[in-house]
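Below is one structure, written out as structure tokens, with a few remarks after it.
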Amino acid sequence: MPSVTAVAQSSSVVVEIGGLPIRLRCDNPAFLLQIEERYAGYVGSSNDAAFDFEIELAPSGSVSNDEDVRVTWDSGRWLMQRGDFRAEWNPSTARGRIQQTSNPYSLDSVLRIVHTLLLAREGGFLLHASSAIRNGRAFLFSGVSGAGKTTMARLAPPDAALLTDEISYVTWRDGRYSAVGTPFFGELARVGENLQAPIEALYLLAKGSENKIEPIVGADAVRGLLGNILFFARDPEFVKLVFDSALYFVKHIPVRRLTFVPDTSVWELIV
Amino acid sequence: MNNSRYVARSTAIAARALGDETMVMSAASSTLFTLDEVASVIWEAADGVTPLDEIVANKICAQYDIAPEVALKDAEALVENLAEHGILLLSDQPLARSSSSRRES
């Protein structure tokens with residue numbers, strides 16, 4: 001005789017990155033399962049979400065090839081749009097809506113945007129950088145595509161905990177900068193460890209014929225940092241927040257040029 | 001006939017002095033500009049009501065060893081360039097500056 005079982009299915013998943021829990025609601029259990037798998041290690045308790053998004057899945061045929069992200073502020077809401085998603089978020093109610101296809105990477109993009117907006121309020125930002133914790137301190141390795149972010153992550157020694165090979169999460173809390181693990185990955189296709197540590201240094205990457213570290217100061221440091229901060233909102237107040245955050249970061253954290261040969265020897269300098 | 005030109009800093013920018021330089025970021029394009037020492041003096045003096053030639057005479061020629069006509073020509077080229085990028089407003093009339101409203105993001 002077949003048994004009858006009752007399976008309790010939750011209609012939401014809480015994804016907590018950088019200590020900011022975001023509840024994602026959807027009436028499609030299969031998609032929620034995809035979210036749980038995609039953000040494994042970052043799925044939190046459903047009772048403590050600070051932000052709430054309702055996801056509406058659209059037919060795959062409704063996707064356009066428009067790759068430009070547009071983030072605008074309109075009537076008390078942030079509007080986020082790309083070919084594969086359309087989302088809005090009201091900061092005062094902490095609620096939002098996302099229309100997207102069932103591709104979880106569309107959600108990835110929305111979460112990145114939301115986190116840039118949230119972090120900007122507290123002096124943090126997302127950075128095109130790999131990052132790792134070694135000896136209790138975090139090191140950031142930043143650069144454009146091809147600069148070596150994933151290479152540095154691949155070459156990391158066993159005693160280094162990898163936070164991300166693509167998008168680093170920088171917070172300014174309790175009077176110090178910290179790097180936090182993220183599920184946002186690049187070529188390495190590996191979710192970062194959900195850990196955090198105070199930032200020791202930011203390295204701007206350059207491949208070369210020898211390993212060497214040179215200090216970068218003043219405007220050059222700010223330029224190097226700002227060139228790698230994730231920027232979505234073309235909004236004067238948001239730009240000012242991020243700009244001020246970059247200047248403040250450079251005042252507190254050493255910025256260095258790391259020229260490196262792509263082998264494990266480079267990590268001998270990262271201590 | 002008054003041929004004076006007036007310059008004012010756009011409100012759609014973020015700007016901070018860093019040593020002798022000034023870093024300016026356009027909110028519209030996120031483009032970053034670095035102004036050198038002399039350009040920073042003009043930037044600071046760009047209040048919308050002081051004519052550019054007066055800024056050059058009082059702030060540039062008074063401090064730096066440069067011929068007035070050369071300084072004015074360089075200053076005009078600079079402000080036109082910055083105006084093209086939308087980070088400086090340029091007019092034949094004095095400019096009133098508006099402030100943007102604050103909000104929680």
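Starting from 1 in every chain, residues are counted up; chains themselves are A, B, ... following the order of the structure tokens, and ligands are numbered from 1 as listed.
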(message) Can you work out which residues from chain A touch chain B at a cut-off of 9 Å (counting only C-alpha atoms) and hand them back as an NGL selection string?
(response) :A and (73 or 76-78 or 90-92 or 117-118 or 120-121 or 218-219 or 222-223 or 226-227 or 231 or 233-241 or 243-244 or 247)
(request) Please identify all polymer residues within 9 Å of A:Gly41, counting only C-alpha atoms, omitting same-chain residues fewer than 6 positions from it, and present them as a list in words. (result)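 Near A:Gly41, the qualifying residues are Pro183, Val191, Gly192, Glu193 and Asn194 of chain A.
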Take the residues from that selection and write them out as a tab-separated table (two decimals), in the first residue's frame, keeping C-alpha atoms.
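Written output follows (result_37.tsv):
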chain	number	residue	atom	x	y	z
A	183	PRO	CA	28.42	33.38	-3.97
A	191	VAL	CA	31.06	29.76	-4.54
A	192	GLY	CA	33.25	31.64	-2.08
A	193	GLU	CA	33.48	30.65	1.56
A	194	ASN	CA	30.97	32.46	3.73
(message) Please return, as a ChimeraX atom specification, all residues of stretch 121-268 of chain A that DSSP assigns to strand (DSSP E or B) on the basis of the backbone.
(response) /A:125-134,137-142,161-164,167-173,176-180,196-207,212-216,229,233,255-260
Take the residues from that selection and put them in a file with C-alpha atoms, as a JSON list (two decimals), in the first residue's frame.
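To be explicit, this is the file written out as result.json:
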[["chain", "number", "residue", "atom", "x", "y", "z"],
["A", 125, "PHE", "CA", 30.86, 48.52, -2.23],
["A", 126, "LEU", "CA", 31.21, 45.56, -4.54],
["A", 127, "LEU", "CA", 34.53, 45.36, -6.33],
["A", 128, "HIS", "CA", 35.73, 43.51, -9.41],
["A", 129, "ALA", "CA", 38.26, 41.55, -7.40],
["A", 130, "SER", "CA", 39.07, 38.13, -6.11],
["A", 131, "SER", "CA", 39.66, 37.95, -2.40],
["A", 132, "ALA", "CA", 40.95, 35.55, 0.18],
["A", 133, "ILE", "CA", 41.62, 35.36, 3.88],
["A", 134, "ARG", "CA", 45.06, 34.39, 5.06],
["A", 137, "ARG", "CA", 43.35, 39.06, 7.24],
["A", 138, "ALA", "CA", 41.68, 39.62, 3.89],
["A", 139, "PHE", "CA", 43.51, 40.47, 0.67],
["A", 140, "LEU", "CA", 41.80, 41.85, -2.43],
["A", 141, "PHE", "CA", 43.11, 41.33, -5.98],
["A", 142, "SER", "CA", 41.45, 43.69, -8.38],
["A", 161, "ALA", "CA", 40.19, 30.78, 2.38],
["A", 162, "LEU", "CA", 38.78, 31.95, -0.93],
["A", 163, "LEU", "CA", 36.00, 34.53, -0.62],
["A", 164, "THR", "CA", 35.38, 34.98, -4.35],
["A", 167, "ILE", "CA", 33.16, 40.05, -7.06],
["A", 168, "SER", "CA", 34.49, 41.08, -3.67],
["A", 169, "TYR", "CA", 32.16, 42.36, -1.00],
["A", 170, "VAL", "CA", 33.63, 45.25, 0.97],
["A", 171, "THR", "CA", 31.95, 46.52, 4.12],
["A", 172, "TRP", "CA", 32.67, 49.45, 6.41],
["A", 173, "ARG", "CA", 31.30, 48.41, 9.77],
["A", 176, "ARG", "CA", 36.93, 48.97, 9.89],
["A", 177, "TYR", "CA", 36.87, 47.61, 6.37],
["A", 178, "SER", "CA", 36.18, 43.91, 5.95],
["A", 179, "ALA", "CA", 35.94, 41.56, 3.00],
["A", 180, "VAL", "CA", 33.05, 39.14, 3.06],
["A", 196, "GLN", "CA", 34.83, 37.60, 6.64],
["A", 197, "ALA", "CA", 38.00, 39.29, 7.83],
["A", 198, "PRO", "CA", 39.50, 42.79, 8.12],
["A", 199, "ILE", "CA", 41.06, 43.96, 4.87],
["A", 200, "GLU", "CA", 44.84, 44.13, 4.94],
["A", 201, "ALA", "CA", 45.47, 45.49, 1.44],
["A", 202, "LEU", "CA", 44.08, 46.00, -2.02],
["A", 203, "TYR", "CA", 46.28, 44.82, -4.86],
["A", 204, "LEU", "CA", 45.74, 46.10, -8.39],
["A", 205, "LEU", "CA", 46.85, 43.27, -10.65],
["A", 206, "ALA", "CA", 49.27, 43.31, -13.55],
["A", 207, "LYS", "CA", 50.93, 40.29, -15.14],
["A", 212, "LYS", "CA", 56.83, 42.67, -7.26],
["A", 213, "ILE", "CA", 54.73, 44.98, -5.14],
["A", 214, "GLU", "CA", 54.69, 48.77, -5.48],
["A", 215, "PRO", "CA", 52.65, 51.24, -3.44],
["A", 216, "ILE", "CA", 49.99, 53.30, -5.20],
["A", 229, "ILE", "CA", 33.91, 49.29, -8.28],
["A", 233, "ALA", "CA", 23.04, 53.58, -10.77],
["A", 255, "VAL", "CA", 46.62, 50.12, -2.27],
["A", 256, "ARG", "CA", 49.46, 48.40, -4.12],
["A", 257, "ARG", "CA", 50.34, 47.33, -7.63],
["A", 258, "LEU", "CA", 50.96, 43.58, -7.71],
["A", 259, "THR", "CA", 52.88, 42.56, -10.79],
["A", 260, "PHE", "CA", 53.09, 38.81, -10.89]]
(request) Quote the spacing between atom CA of A:Thr182 and atom CA of A:Arg38 in Å to one decimal place. (result)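 Atom CA of A:Arg38 lies at a distance of 11.6 Å from atom CA of A:Thr182.
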(request) Take atom CA of A:Asp48 and atom CA of A:Thr93 and report the distance between them in Å, one decimal. (result)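 These two atoms are separated by 15.5 Å.
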(request) Might you pull out every residue within 8 Å of B:Ala45, with only C-alpha atoms counted and same-chain residues fewer than 4 positions away left off, and present them as a list in words? (result) Val41, Thr50 and Ile55 of chain B
Filtering to N, CA and C atoms, could you give me those residues as a PDB file, in the first residue's frame?
ATOM      1  N   VAL B  41      42.240  75.286  -9.139  1.00  0.00           N
ATOM      2  CA  VAL B  41      41.976  76.662  -8.705  1.00  0.00           C
ATOM      3  C   VAL B  41      40.754  77.213  -9.446  1.00  0.00           C
ATOM      4  N   THR B  50      31.290  84.775 -10.710  1.00  0.00           N
ATOM      5  CA  THR B  50      32.563  85.446 -10.986  1.00  0.00           C
ATOM      6  C   THR B  50      32.955  85.165 -12.432  1.00  0.00           C
ATOM      7  N   ILE B  55      38.478  85.377 -12.705  1.00  0.00           N
ATOM      8  CA  ILE B  55      39.085  84.232 -11.997  1.00  0.00           C
ATOM      9  C   ILE B  55      40.527  84.060 -12.452  1.00  0.00           C
TER      10      ILE B  55
END
(message) Calculated over only C-alpha atoms, which of the candidates B:Ile87, B:Ala8, B:Ala62, B:Ala67 has the smallest distance to B:Asp47?
(response)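 That would be B:Ala8, the residue with the smallest distance to B:Asp47.
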(request) List the neighbours of B:Glu80 out to 12 Å using only C-alpha atoms; skip same-chain residues closer than 3 positions along the sequence, and give me the result as JSON, numbers by chain. (result) {"B": [5, 6, 7, 8, 52, 73, 74, 75, 76, 77, 83, 84, 85, 86, 87, 88, 89, 90, 91]}
(request) Going by DSSP on the backbone, which bits of chain B are alpha helix (DSSP H)? Write them as a PyMOL selection string, please. (result) chain B and resi 37-45+52-55+68-84
Go ahead and save the residues from that selection, with C-alpha atoms, as an mmCIF file, in the first residue's frame.
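Output saved as part_18.cif:
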data_model
loop_
_atom_site.group_PDB
_atom_site.id
_atom_site.type_symbol
_atom_site.label_atom_id
_atom_site.label_comp_id
_atom_site.auth_asym_id
_atom_site.auth_seq_id
_atom_site.Cartn_x
_atom_site.Cartn_y
_atom_site.Cartn_z
ATOM 1 C CA GLU B 37 46.701 72.263 -9.474
ATOM 2 C CA VAL B 38 45.836 75.160 -11.790
ATOM 3 C CA ALA B 39 42.647 73.558 -13.057
ATOM 4 C CA SER B 40 41.691 72.939 -9.434
ATOM 5 C CA VAL B 41 41.976 76.662 -8.705
ATOM 6 C CA ILE B 42 39.538 77.432 -11.536
ATOM 7 C CA TRP B 43 37.239 74.636 -10.372
ATOM 8 C CA GLU B 44 37.143 75.995 -6.838
ATOM 9 C CA ALA B 45 36.452 79.520 -8.071
ATOM 10 C CA LEU B 52 36.125 83.561 -15.957
ATOM 11 C CA ASP B 53 38.499 86.344 -16.970
ATOM 12 C CA GLU B 54 38.335 87.688 -13.405
ATOM 13 C CA ILE B 55 39.085 84.232 -11.997
ATOM 14 C CA PRO B 68 47.354 86.704 -18.930
ATOM 15 C CA GLU B 69 46.368 86.009 -22.538
ATOM 16 C CA VAL B 70 47.895 82.530 -22.405
ATOM 17 C CA ALA B 71 46.234 81.792 -19.059
ATOM 18 C CA LEU B 72 42.827 82.923 -20.309
ATOM 19 C CA LYS B 73 43.139 80.899 -23.498
ATOM 20 C CA ASP B 74 44.094 77.779 -21.504
ATOM 21 C CA ALA B 75 41.294 78.393 -19.011
ATOM 22 C CA GLU B 76 38.721 78.739 -21.777
ATOM 23 C CA ALA B 77 39.890 75.492 -23.366
ATOM 24 C CA LEU B 78 39.654 73.774 -19.984
ATOM 25 C CA VAL B 79 36.156 74.973 -19.091
ATOM 26 C CA GLU B 80 34.845 74.192 -22.575
ATOM 27 C CA ASN B 81 36.206 70.679 -22.282
ATOM 28 C CA LEU B 82 34.662 70.183 -18.832
ATOM 29 C CA ALA B 83 31.392 71.700 -20.025
ATOM 30 C CA GLU B 84 31.281 69.207 -22.892
#
